[in-house]
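*Asks:* What follows is input-v8.txt, made up of compact mmCIF, C-alpha atoms and all ligand atoms:
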```
# COMPACT_ATOMS: atom_id res chain seq x y z
CA MET H 1 53.60 -67.05 1.52
CA GLN H 2 53.48 -70.82 0.93
CA VAL H 3 56.04 -72.27 3.35
CA LYS H 4 57.46 -75.79 3.41
CA PRO H 5 55.65 -78.15 5.81
CA LEU H 6 57.24 -79.71 8.88
CA GLU H 7 56.74 -83.18 7.38
CA LEU H 8 58.36 -83.13 3.97
CA GLY H 9 56.66 -85.04 1.14
CA ALA H 10 58.33 -87.70 -1.02
CA LYS H 11 59.45 -85.18 -3.65
CA GLU H 12 61.21 -82.92 -1.13
CA LEU H 13 62.79 -85.86 0.70
CA LEU H 14 64.32 -87.12 -2.55
CA ASP H 15 65.41 -83.57 -3.32
CA VAL H 16 67.20 -83.44 0.04
CA TYR H 17 68.80 -86.83 -0.67
CA TYR H 18 70.00 -85.57 -4.07
CA LEU H 19 71.49 -82.44 -2.47
CA MET H 20 73.28 -84.48 0.22
CA ARG H 21 74.79 -86.78 -2.39
CA LEU H 22 75.65 -83.80 -4.59
CA GLY H 23 77.40 -82.07 -1.69
CA ARG H 24 79.42 -85.20 -0.88
CA ALA H 25 80.37 -85.75 -4.55
CA ILE H 26 81.45 -82.13 -5.01
CA GLU H 27 83.62 -82.34 -1.90
CA ASP H 28 85.14 -85.70 -2.89
CA ARG H 29 86.13 -84.20 -6.23
CA LEU H 30 87.48 -81.02 -4.64
CA ASN H 31 89.60 -83.17 -2.36
CA LEU H 32 90.98 -85.13 -5.30
CA LEU H 33 91.72 -81.96 -7.27
CA TYR H 34 93.36 -80.32 -4.27
CA LYS H 35 95.55 -83.36 -3.57
CA GLY H 36 96.53 -83.39 -7.24
CA GLY H 37 97.68 -79.78 -6.99
CA ARG H 38 95.02 -78.57 -9.40
CA LEU H 39 93.39 -75.88 -7.21
CA PRO H 40 95.06 -72.53 -6.48
CA GLY H 41 93.60 -72.13 -2.97
CA ALA H 42 92.59 -74.05 0.12
CA ILE H 43 89.66 -76.40 0.73
CA TYR H 44 87.63 -76.69 3.93
CA LEU H 45 85.37 -79.68 3.62
CA GLY H 46 82.26 -80.48 5.65
CA THR H 47 82.17 -84.17 4.74
CA GLY H 48 80.06 -85.98 7.34
CA GLN H 49 78.05 -82.85 8.09
CA GLU H 50 75.63 -83.20 5.15
CA ALA H 51 72.56 -83.69 7.34
CA ILE H 52 72.81 -80.38 9.18
CA GLU H 53 74.43 -78.45 6.31
CA ILE H 54 71.51 -79.23 4.01
CA GLY H 55 68.75 -80.03 6.51
CA ALA H 56 68.93 -76.61 8.18
CA SER H 57 69.20 -74.35 5.15
CA TYR H 58 66.53 -76.40 3.36
CA ALA H 59 64.13 -75.10 6.02
CA LEU H 60 64.54 -71.53 4.73
CA GLU H 61 62.19 -69.95 2.20
CA PRO H 62 63.28 -68.00 -0.90
CA GLY H 63 63.13 -64.55 0.77
CA ASP H 64 65.21 -65.63 3.78
CA VAL H 65 68.98 -65.20 4.09
CA LEU H 66 71.79 -67.58 4.95
CA ALA H 67 75.08 -66.55 6.55
CA PRO H 68 77.44 -69.53 6.13
CA THR H 69 81.09 -70.18 7.08
CA HIS H 70 84.17 -71.49 5.28
CA ARG H 71 82.93 -75.09 5.72
CA ASP H 72 79.34 -74.61 4.57
CA MET H 73 79.44 -74.92 0.78
CA MET H 74 76.78 -77.60 1.07
CA ALA H 75 74.40 -75.30 2.95
CA GLN H 76 74.41 -73.02 -0.09
CA LEU H 77 73.16 -75.75 -2.45
CA PRO H 78 69.49 -75.53 -1.33
CA ARG H 79 69.78 -71.76 -1.88
CA GLY H 80 70.54 -72.40 -5.55
CA ILE H 81 74.34 -72.11 -5.66
CA THR H 82 75.27 -74.50 -8.48
CA PRO H 83 78.09 -77.06 -8.83
CA ARG H 84 79.49 -74.95 -11.71
CA GLU H 85 79.70 -71.94 -9.38
CA VAL H 86 81.44 -74.00 -6.70
CA PHE H 87 84.15 -75.24 -9.07
CA LEU H 88 84.54 -71.89 -10.85
CA GLN H 89 85.21 -70.35 -7.45
CA HIS H 90 87.77 -72.97 -6.47
CA TYR H 91 89.48 -72.69 -9.85
CA ALA H 92 89.47 -68.85 -9.47
CA ARG H 93 88.03 -68.25 -12.94
CA ALA H 94 86.77 -64.92 -14.26
CA ASN H 95 83.16 -66.10 -14.50
CA SER H 96 82.97 -67.18 -10.84
CA LEU H 97 80.74 -65.26 -8.43
CA THR H 98 83.82 -63.38 -7.13
CA HIS H 99 85.27 -62.87 -10.64
CA GLY H 100 88.29 -64.96 -9.79
CA LYS H 101 89.00 -63.35 -6.43
CA GLY H 102 89.12 -65.17 -3.15
CA GLU H 103 89.40 -68.90 -2.77
CA ASP H 104 87.72 -71.81 -1.06
CA ASN H 105 84.02 -71.25 -0.53
CA TYR H 106 84.16 -67.48 -0.04
CA GLN H 107 81.30 -66.77 -2.39
CA GLY H 108 77.61 -65.98 -2.18
CA ASP H 109 74.77 -64.28 -3.99
CA LEU H 110 72.42 -61.91 -2.20
CA LYS H 111 69.80 -62.31 -4.92
CA ARG H 112 69.54 -65.95 -3.87
CA GLY H 113 69.73 -65.08 -0.19
CA THR H 114 73.22 -66.22 0.69
CA PHE H 115 75.97 -63.93 1.95
CA ALA H 116 79.49 -64.38 0.60
CA THR H 117 81.45 -66.03 3.41
CA VAL H 118 84.20 -64.22 5.30
CA SER H 119 87.06 -65.75 7.21
CA MET H 120 86.82 -64.15 10.61
CA LEU H 121 84.73 -66.28 12.94
CA PRO H 122 81.96 -65.92 13.96
CA ASP H 123 81.54 -62.59 12.17
CA PHE H 124 78.42 -63.72 10.38
CA TYR H 125 76.50 -64.04 13.63
CA PRO H 126 76.34 -60.23 14.08
CA VAL H 127 75.69 -59.87 10.32
CA ALA H 128 72.74 -62.27 10.50
CA ALA H 129 71.42 -60.43 13.56
CA GLY H 130 71.74 -57.17 11.58
CA ALA H 131 69.86 -58.62 8.61
CA ALA H 132 67.15 -59.84 10.99
CA LEU H 133 66.91 -56.37 12.53
CA ALA H 134 66.39 -54.90 9.04
CA PHE H 135 63.61 -57.42 8.36
CA LYS H 136 61.95 -56.53 11.65
CA LEU H 137 62.17 -52.77 11.10
CA ARG H 138 60.74 -53.14 7.59
CA LYS H 139 58.02 -55.47 8.93
CA GLU H 140 59.07 -58.14 6.43
CA LYS H 141 58.34 -61.75 7.38
CA ARG H 142 61.85 -62.89 6.54
CA VAL H 143 64.32 -64.90 8.58
CA ALA H 144 68.12 -64.88 8.79
CA MET H 145 70.06 -68.06 9.56
CA ALA H 146 73.71 -68.05 10.66
CA TYR H 147 76.04 -71.03 10.79
CA CYS H 148 79.27 -71.45 12.71
CA GLY H 149 81.34 -74.17 14.35
CA GLU H 150 81.48 -74.84 18.09
CA GLY H 151 84.98 -73.30 18.28
CA ALA H 152 83.61 -69.94 17.16
CA THR H 153 81.14 -69.90 20.08
CA SER H 154 83.92 -68.92 22.49
CA VAL H 155 84.47 -65.61 20.69
CA GLY H 156 82.83 -62.47 22.13
CA ASP H 157 81.00 -61.52 18.93
CA TRP H 158 79.03 -64.76 19.12
CA HIS H 159 77.61 -63.83 22.53
CA GLU H 160 76.97 -60.20 21.55
CA ALA H 161 75.02 -61.26 18.46
CA ILE H 162 72.85 -63.68 20.41
CA ASN H 163 72.29 -61.18 23.21
CA VAL H 164 71.14 -58.41 20.90
CA ALA H 165 68.96 -60.85 18.93
CA SER H 166 67.36 -61.98 22.17
CA VAL H 167 66.81 -58.50 23.60
CA MET H 168 65.38 -57.19 20.32
CA ASN H 169 63.46 -60.40 19.61
CA LEU H 170 64.92 -60.69 16.12
CA PRO H 171 63.89 -63.26 13.48
CA VAL H 172 67.15 -65.19 13.39
CA VAL H 173 68.13 -68.84 13.78
CA PHE H 174 71.62 -69.53 15.07
CA VAL H 175 73.00 -72.89 13.96
CA VAL H 176 76.15 -74.27 15.59
CA ILE H 177 77.72 -77.29 13.91
CA ASN H 178 79.52 -79.05 16.71
CA ASN H 179 81.86 -81.28 14.71
CA GLY H 180 84.12 -82.28 17.58
CA TYR H 181 87.18 -80.18 16.75
CA ALA H 182 88.15 -76.53 16.23
CA TYR H 183 91.06 -77.30 13.93
CA SER H 184 92.94 -79.75 16.22
CA THR H 185 91.36 -78.67 19.52
CA PRO H 186 88.79 -81.19 20.84
CA VAL H 187 85.57 -79.87 22.34
CA TYR H 188 86.51 -80.72 25.94
CA LYS H 189 89.43 -78.29 25.66
CA GLU H 190 87.20 -75.59 24.15
CA MET H 191 84.44 -75.30 26.76
CA LYS H 192 83.20 -76.76 30.04
CA VAL H 193 79.50 -76.82 29.22
CA ALA H 194 78.15 -80.18 28.05
CA ASN H 195 76.25 -78.61 25.17
CA VAL H 196 76.74 -75.38 23.24
CA ALA H 197 72.93 -75.15 23.31
CA ASP H 198 73.11 -74.80 27.13
CA ARG H 199 74.50 -71.32 26.53
CA ALA H 200 71.09 -70.25 25.20
CA CYS H 201 69.69 -69.98 28.74
CA ALA H 202 72.09 -67.09 29.43
CA TYR H 203 70.16 -65.17 26.78
CA ALA H 204 66.68 -66.50 27.63
CA ILE H 205 66.16 -68.06 24.22
CA PRO H 206 65.45 -71.71 23.34
CA GLY H 207 68.53 -73.92 22.95
CA VAL H 208 68.00 -77.15 21.05
CA VAL H 209 70.39 -80.08 20.56
CA VAL H 210 69.85 -82.11 17.40
CA ASP H 211 71.41 -85.28 16.08
CA GLY H 212 73.57 -83.68 13.41
CA ASN H 213 73.68 -86.88 11.36
CA ASP H 214 69.90 -87.22 11.08
CA VAL H 215 68.69 -84.98 8.28
CA VAL H 216 65.01 -85.36 9.11
CA GLU H 217 65.56 -84.18 12.69
CA CYS H 218 67.90 -81.39 11.53
CA TYR H 219 65.27 -80.17 9.07
CA GLN H 220 62.33 -80.42 11.47
CA GLU H 221 63.99 -78.65 14.41
CA THR H 222 65.39 -75.83 12.29
CA LYS H 223 62.08 -75.55 10.46
CA LYS H 224 60.27 -75.05 13.81
CA ALA H 225 62.82 -72.39 14.76
CA VAL H 226 62.56 -70.65 11.37
CA GLU H 227 58.78 -70.42 11.54
CA ARG H 228 58.83 -69.34 15.20
CA ALA H 229 61.20 -66.54 14.18
CA ARG H 230 59.03 -65.62 11.20
CA GLU H 231 55.96 -65.34 13.42
CA GLY H 232 57.69 -63.00 15.87
CA GLY H 233 58.84 -65.62 18.39
CA GLY H 234 62.48 -64.47 18.31
CA PRO H 235 65.77 -66.34 17.95
CA THR H 236 66.64 -69.98 18.61
CA LEU H 237 70.03 -71.57 19.12
CA ILE H 238 70.36 -74.98 17.46
CA GLU H 239 73.37 -77.18 18.16
CA ALA H 240 73.94 -80.08 15.77
CA LYS H 241 76.24 -82.78 17.13
CA THR H 242 78.20 -84.36 14.33
CA MET H 243 81.76 -85.12 13.21
CA ARG H 244 84.09 -83.52 10.71
CA MET H 245 85.22 -86.57 8.72
CA ARG H 246 88.23 -84.87 7.14
CA GLY H 247 90.97 -82.58 8.36
CA HIS H 248 90.38 -78.94 9.15
CA ALA H 249 91.57 -78.05 5.64
CA GLY H 250 92.93 -79.99 2.67
CA HIS H 251 96.50 -79.92 3.96
CA ASP H 252 95.55 -81.40 7.36
CA PRO H 253 95.62 -85.21 7.69
CA ALA H 254 93.91 -84.90 11.13
CA THR H 255 96.28 -87.36 12.80
CA TYR H 256 95.07 -85.91 16.12
CA VAL H 257 91.77 -87.80 15.73
CA ALA H 258 91.81 -91.41 16.99
CA LYS H 259 90.91 -94.06 14.43
CA GLU H 260 88.21 -95.43 16.78
CA ILE H 261 86.43 -92.07 16.67
CA ILE H 262 86.44 -92.04 12.88
CA ASP H 263 85.24 -95.66 12.79
CA LEU H 264 82.40 -94.84 15.17
CA TRP H 265 81.19 -91.89 13.09
CA THR H 266 81.63 -93.77 9.81
CA LYS H 267 78.90 -96.12 11.07
CA ARG H 268 76.65 -93.08 11.53
CA ASP H 269 77.17 -91.73 8.00
CA PRO H 270 74.28 -89.29 7.44
CA ILE H 271 73.80 -90.25 3.80
CA VAL H 272 73.63 -94.00 4.44
CA ARG H 273 71.30 -93.34 7.35
CA PHE H 274 68.95 -91.22 5.27
CA GLU H 275 69.08 -93.77 2.47
CA ASN H 276 67.96 -96.51 4.90
CA TYR H 277 65.16 -94.24 6.12
CA LEU H 278 63.95 -93.60 2.56
CA VAL H 279 64.14 -97.31 1.66
CA SER H 280 62.22 -98.29 4.83
CA ARG H 281 59.45 -95.88 3.83
CA ASN H 282 59.40 -97.22 0.24
CA LEU H 283 60.49 -93.84 -1.08
CA LEU H 284 63.72 -95.05 -2.65
CA ASN H 285 64.55 -98.20 -4.61
CA ASP H 286 67.77 -99.34 -6.31
CA GLN H 287 66.81 -97.90 -9.67
CA GLN H 288 65.92 -94.45 -8.24
CA LYS H 289 69.12 -94.46 -6.23
CA GLN H 290 71.19 -95.20 -9.34
CA GLU H 291 69.40 -92.46 -11.26
CA ILE H 292 70.19 -89.94 -8.53
CA ILE H 293 73.84 -91.04 -8.40
CA ASN H 294 74.04 -90.69 -12.21
CA ARG H 295 72.52 -87.20 -12.04
CA VAL H 296 75.00 -86.20 -9.34
CA ASN H 297 77.99 -87.58 -11.27
CA GLU H 298 76.90 -85.81 -14.47
CA ALA H 299 76.49 -82.50 -12.61
CA VAL H 300 80.00 -82.79 -11.12
CA GLU H 301 81.63 -83.81 -14.43
CA ASP H 302 79.92 -80.93 -16.21
CA ALA H 303 80.96 -78.45 -13.51
CA VAL H 304 84.61 -79.53 -13.47
CA SER H 305 85.03 -79.39 -17.26
CA PHE H 306 83.15 -76.08 -17.43
CA ALA H 307 85.43 -74.57 -14.79
CA GLU H 308 88.62 -75.98 -16.32
CA SER H 309 87.76 -74.55 -19.73
CA SER H 310 86.79 -71.12 -18.34
CA PRO H 311 89.25 -68.22 -18.57
CA TYR H 312 91.19 -66.63 -15.71
CA PRO H 313 90.52 -62.94 -15.04
CA GLU H 314 92.59 -60.31 -16.84
CA GLY H 315 95.27 -58.72 -14.66
CA LYS H 316 93.43 -55.39 -14.57
CA GLU H 317 90.45 -57.08 -12.89
CA ALA H 318 92.58 -57.57 -9.78
CA ILE H 319 91.80 -53.99 -8.66
CA GLU H 320 88.10 -54.03 -9.58
CA ASP H 321 85.54 -54.30 -6.75
CA VAL H 322 88.30 -54.07 -4.16
CA TYR H 323 87.93 -51.70 -1.24
CA ALA H 324 90.40 -50.37 1.29
CA ALA H 325 89.16 -49.33 4.72
C1 LIG I 1 88.56 -64.76 14.72
C2 LIG I 1 89.26 -65.92 14.05
N1 LIG I 1 90.28 -66.55 14.67
C3 LIG I 1 90.94 -67.57 14.08
C4 LIG I 1 90.57 -67.98 12.82
C5 LIG I 1 91.31 -69.12 12.13
N2 LIG I 1 90.40 -70.28 12.05
C6 LIG I 1 89.72 -70.57 10.92
S1 LIG I 1 88.72 -71.89 11.11
C7 LIG I 1 89.23 -72.14 12.71
C8 LIG I 1 88.67 -73.26 13.54
C9 LIG I 1 87.21 -73.04 13.72
O1 LIG I 1 86.63 -74.10 14.42
P1 LIG I 1 85.08 -74.21 14.55
O2 LIG I 1 84.48 -72.87 14.88
O3 LIG I 1 84.76 -75.33 15.47
O4 LIG I 1 84.58 -74.52 13.06
P2 LIG I 1 85.00 -75.74 12.11
O5 LIG I 1 86.22 -75.30 11.36
O6 LIG I 1 85.20 -76.93 12.98
O7 LIG I 1 83.84 -75.94 11.19
C10 LIG I 1 90.15 -71.18 13.09
C11 LIG I 1 90.78 -71.10 14.42
C12 LIG I 1 89.52 -67.29 12.18
N3 LIG I 1 89.09 -67.62 10.96
N4 LIG I 1 88.87 -66.27 12.81
```
Output the structure of this file as structure tokens.
*Replies:*
Amino acid sequence: MQVKPLELGAKELLDVYYLMRLGRAIEDRLNLLYKGGRLPGAIYLGTGQEAIEIGASYALEPGDVLAPTHRDMMAQLPRGITPREVFLQHYARANSLTHGKGEDNYQGDLKRGTFATVSMLPDFYPVAAGAALAFKLRKEKRVAMAYCGEGATSVGDWHEAINVASVMNLPVVFVVINNGYAYSTPVYKEMKVANVADRACAYAIPGVVVDGNDVVECYQETKKAVERAREGGGPTLIEAKTMRMRGHAGHDPATYVAKEIIDLWTKRDPIVRFENYLVSRNLLNDQQKQEIINRVNEAVEDAVSFAESSPYPEGKEAIEDVYAA
């Protein structure tokens, strides 16, 4: 299989830049629609996390699988989930991936290698480990990647998943997005270790801390872990240090976060930072930037009007594809 290189070329770097801007624009519009009372469900935005959301999943290849959380809509964009699908889901329309069921970002498409998100955290860690076990048993050179927040790392399932992945040497990459808060709880009240990645030593696997606002570093470190897993090297735990620049969900004004903290992280905006990197390497000029912004805006406009003009499901569809356990 032809796999992406560690050093991305100009085309891929601009692709990553487009996806980061697209993710931000989709979320900005979702926020506006939510505040205007236009969406039936909740929103959980990952604004500020673009570098790790996109940088990590961009390191996967088409046959790999992604297990994202409620906040990881952006991670699904490199997998091929489209802006139309994102808005159809949030508007709960019949032609959404869940046929109008669910809310928020609880969608996915196995054909494109992304599981539909579930709410319980970190339940996708064991699922990703299970997918990786299947790949190993079938001798397929495929990799599973799971995302979760740092808050979810204090739940037992998180440790069980990593332990079994370590013991069975499974091809899985565990990504923890440490965005400073589990809802309103700051990290120092969640754990005593300095880094979530330090927990990797308990399972004898590599633990890597990355700058979660630097997309090049996020891509390169996850890429190394993905290829190590693919070649039989087992799991890696990656911790991306970043900041959640909005509340936990749309209803949360996050008044528990000091203004100085927000100001500090605003200066580290991952999109501006990547833009400066691209400009310094002569890979992006004003005209290209404007073209990308135009493309992003058109994609969002198209997706919103497509979703708004799409029908709701018929009442009888409410009991289709629903299972009781
Ligand atoms: C097992 C479980 N307990 C509680 C919740 C409710 N809940 C949803 S998100 C969240 C905070 C999660 O924080 P973190 O893991 O740091 O992820 P973040 O939301 O910051 O991305 C909580 C408590 C849940 N979904 N699952």
*Asks:* Find the residues around stretch 158-175 of chain H up to 7 Å (all atoms listed in the file counted), leave out those fewer than 5 positions away in its own chain, and share them as a list in words.
*Replies:* Pro122, Tyr125, Pro126, Ala128, Ala129, Ala132, Leu133, Lys136, Val143, Ala144, Met145, Ala146, Tyr147, Cys148, Thr153, Tyr203, Ile205, Ala225, Val226, Ala229, Arg230, Gly232, Gly234, Pro235, Thr236, Leu237, Ile238 and Glu239 of chain H
*Asks:* Could you list, as a list in words, all protein and nucleic acid residues with an atom at most 7 Å from ligand LIG 1 (chain I), counting all atoms listed in the file?
*Replies:*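 Selection of residues at most 7 Å from ligand LIG 1 (chain I): Arg71, Ser119, Met120, Leu121, Pro122, Cys148, Gly149, Glu150, Gly151, Ala152, Thr153, Ile177, Asn178, Asn179, Tyr181, Ala182, Tyr183 and His248 of chain H.
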*Asks:* Let me make sure I understand: among H:Gly113, H:Lys139, H:Asn105, H:Pro68, which one has the smallest atom-to-atom distance to H:Gly80 if we use all atoms listed in the file?
*Replies:*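 Smallest distance to H:Gly80 is found for H:Gly113.
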*Asks:* Between atom CA of H:Ser310 and atom CA of H:Gly36, measure the distance and give it in Å to one decimal.
*Replies:*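 We find that atom CA of H:Ser310 and atom CA of H:Gly36 lie 19.2 Å from each other.
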*Asks:* Of the residues H:Asn282, H:Asn213, H:Gln89, H:Asn297, which is the one nearest to H:Ile26, using only C-alpha atoms?
*Replies:*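 With only C-alpha atoms as the atom set, the closest residue is H:Asn297.
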*Asks:* Would you please work out which residue, of H:Gly212, H:Gly180, H:Gly37, H:Gly233, is nearest to H:Arg246 when using all atoms listed in the file?
*Replies:*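 Smallest separation from H:Arg246 among the options: H:Gly180.
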*Asks:* Would you list the contacts of H:Glu317 as a PyMOL selection string, taking every protein, DNA or RNA residue within 10 Å and counting only C-alpha atoms, but skipping same-chain residues closer than 6 positions in sequence?
*Replies:* chain H and resi 94+99-101
*Asks:* Would you list the contacts of H:Glu7 as a CSV table (one decimal) with C-alpha atoms, in the coordinates of the input, taking every protein, DNA or RNA residue within 10 Å and counting all atoms listed in the file, but skipping same-chain residues closer than 6 positions in sequence?
*Replies:*
```csv
chain,number,residue,atom,x,y,z
H,13,LEU,CA,62.8,-85.9,0.7
H,216,VAL,CA,65.0,-85.4,9.1
H,219,TYR,CA,65.3,-80.2,9.1
H,220,GLN,CA,62.3,-80.4,11.5
H,223,LYS,CA,62.1,-75.6,10.5
```
*Asks:* Using all atoms listed in the file, find the one residue out of H:Lys241, H:Lys35, H:Lys4, H:Arg228 that sits nearest to H:Pro253.
*Replies:* H:Lys35
*Asks:* As a PyMOL selection string, please: the residues near H:Ala258 (cut-off 12 Å, all atoms listed in the file, same-chain neighbours under 5 positions excluded).
*Replies:* chain H and resi 180+184+186+245+253+263-265
*Asks:* Next, the residues of the selection above should be written as a PDB file, in the frame of the given file with C-alpha atoms.
*Replies:*
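New file again_31.pdb:
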```
ATOM      1  CA  GLY H 180      84.120 -82.280  17.580  1.00  0.00           C
ATOM      2  CA  SER H 184      92.940 -79.750  16.220  1.00  0.00           C
ATOM      3  CA  PRO H 186      88.790 -81.190  20.840  1.00  0.00           C
ATOM      4  CA  MET H 245      85.220 -86.570   8.720  1.00  0.00           C
ATOM      5  CA  PRO H 253      95.620 -85.210   7.690  1.00  0.00           C
ATOM      6  CA  ASP H 263      85.240 -95.660  12.790  1.00  0.00           C
ATOM      7  CA  LEU H 264      82.400 -94.840  15.170  1.00  0.00           C
ATOM      8  CA  TRP H 265      81.190 -91.890  13.090  1.00  0.00           C
TER       9      TRP H 265
END
```
*Asks:* Can you take the partial stretch 288-299 of chain H, add N, CA, C and O atoms, and return it as an mmCIF file, keeping the file's coordinate frame?
*Replies:*
```cif
data_model
loop_
_atom_site.group_PDB
_atom_site.id
_atom_site.type_symbol
_atom_site.label_atom_id
_atom_site.label_comp_id
_atom_site.auth_asym_id
_atom_site.auth_seq_id
_atom_site.Cartn_x
_atom_site.Cartn_y
_atom_site.Cartn_z
ATOM 1 N N GLN H 288 65.951 -95.904 -8.534
ATOM 2 C CA GLN H 288 65.920 -94.450 -8.240
ATOM 3 C C GLN H 288 67.261 -93.982 -7.691
ATOM 4 O O GLN H 288 67.754 -92.917 -8.041
ATOM 5 N N LYS H 289 67.834 -94.824 -6.826
ATOM 6 C CA LYS H 289 69.120 -94.460 -6.230
ATOM 7 C C LYS H 289 70.179 -94.299 -7.328
ATOM 8 O O LYS H 289 70.932 -93.321 -7.341
ATOM 9 N N GLN H 290 70.203 -95.269 -8.255
ATOM 10 C CA GLN H 290 71.190 -95.200 -9.340
ATOM 11 C C GLN H 290 70.967 -93.964 -10.208
ATOM 12 O O GLN H 290 71.918 -93.302 -10.625
ATOM 13 N N GLU H 291 69.701 -93.644 -10.445
ATOM 14 C CA GLU H 291 69.400 -92.460 -11.260
ATOM 15 C C GLU H 291 69.915 -91.190 -10.576
ATOM 16 O O GLU H 291 70.471 -90.305 -11.226
ATOM 17 N N ILE H 292 69.718 -91.123 -9.276
ATOM 18 C CA ILE H 292 70.190 -89.940 -8.530
ATOM 19 C C ILE H 292 71.714 -89.875 -8.561
ATOM 20 O O ILE H 292 72.307 -88.811 -8.807
ATOM 21 N N ILE H 293 72.362 -91.018 -8.366
ATOM 22 C CA ILE H 293 73.840 -91.040 -8.400
ATOM 23 C C ILE H 293 74.326 -90.602 -9.795
ATOM 24 O O ILE H 293 75.273 -89.816 -9.916
ATOM 25 N N ASN H 294 73.651 -91.079 -10.843
ATOM 26 C CA ASN H 294 74.040 -90.690 -12.210
ATOM 27 C C ASN H 294 73.890 -89.179 -12.398
ATOM 28 O O ASN H 294 74.751 -88.520 -12.975
ATOM 29 N N ARG H 295 72.777 -88.645 -11.907
ATOM 30 C CA ARG H 295 72.520 -87.200 -12.040
ATOM 31 C C ARG H 295 73.594 -86.397 -11.315
ATOM 32 O O ARG H 295 74.105 -85.397 -11.815
ATOM 33 N N VAL H 296 73.960 -86.864 -10.132
ATOM 34 C CA VAL H 296 75.000 -86.200 -9.340
ATOM 35 C C VAL H 296 76.333 -86.236 -10.092
ATOM 36 O O VAL H 296 77.013 -85.213 -10.249
ATOM 37 N N ASN H 297 76.698 -87.431 -10.582
ATOM 38 C CA ASN H 297 77.990 -87.580 -11.270
ATOM 39 C C ASN H 297 78.048 -86.697 -12.524
ATOM 40 O O ASN H 297 79.066 -86.063 -12.796
ATOM 41 N N GLU H 298 76.933 -86.652 -13.262
ATOM 42 C CA GLU H 298 76.900 -85.810 -14.470
ATOM 43 C C GLU H 298 77.076 -84.338 -14.102
ATOM 44 O O GLU H 298 77.804 -83.597 -14.775
ATOM 45 N N ALA H 299 76.404 -83.909 -13.023
ATOM 46 C CA ALA H 299 76.490 -82.500 -12.610
ATOM 47 C C ALA H 299 77.935 -82.146 -12.223
ATOM 48 O O ALA H 299 78.441 -81.065 -12.555
#
```
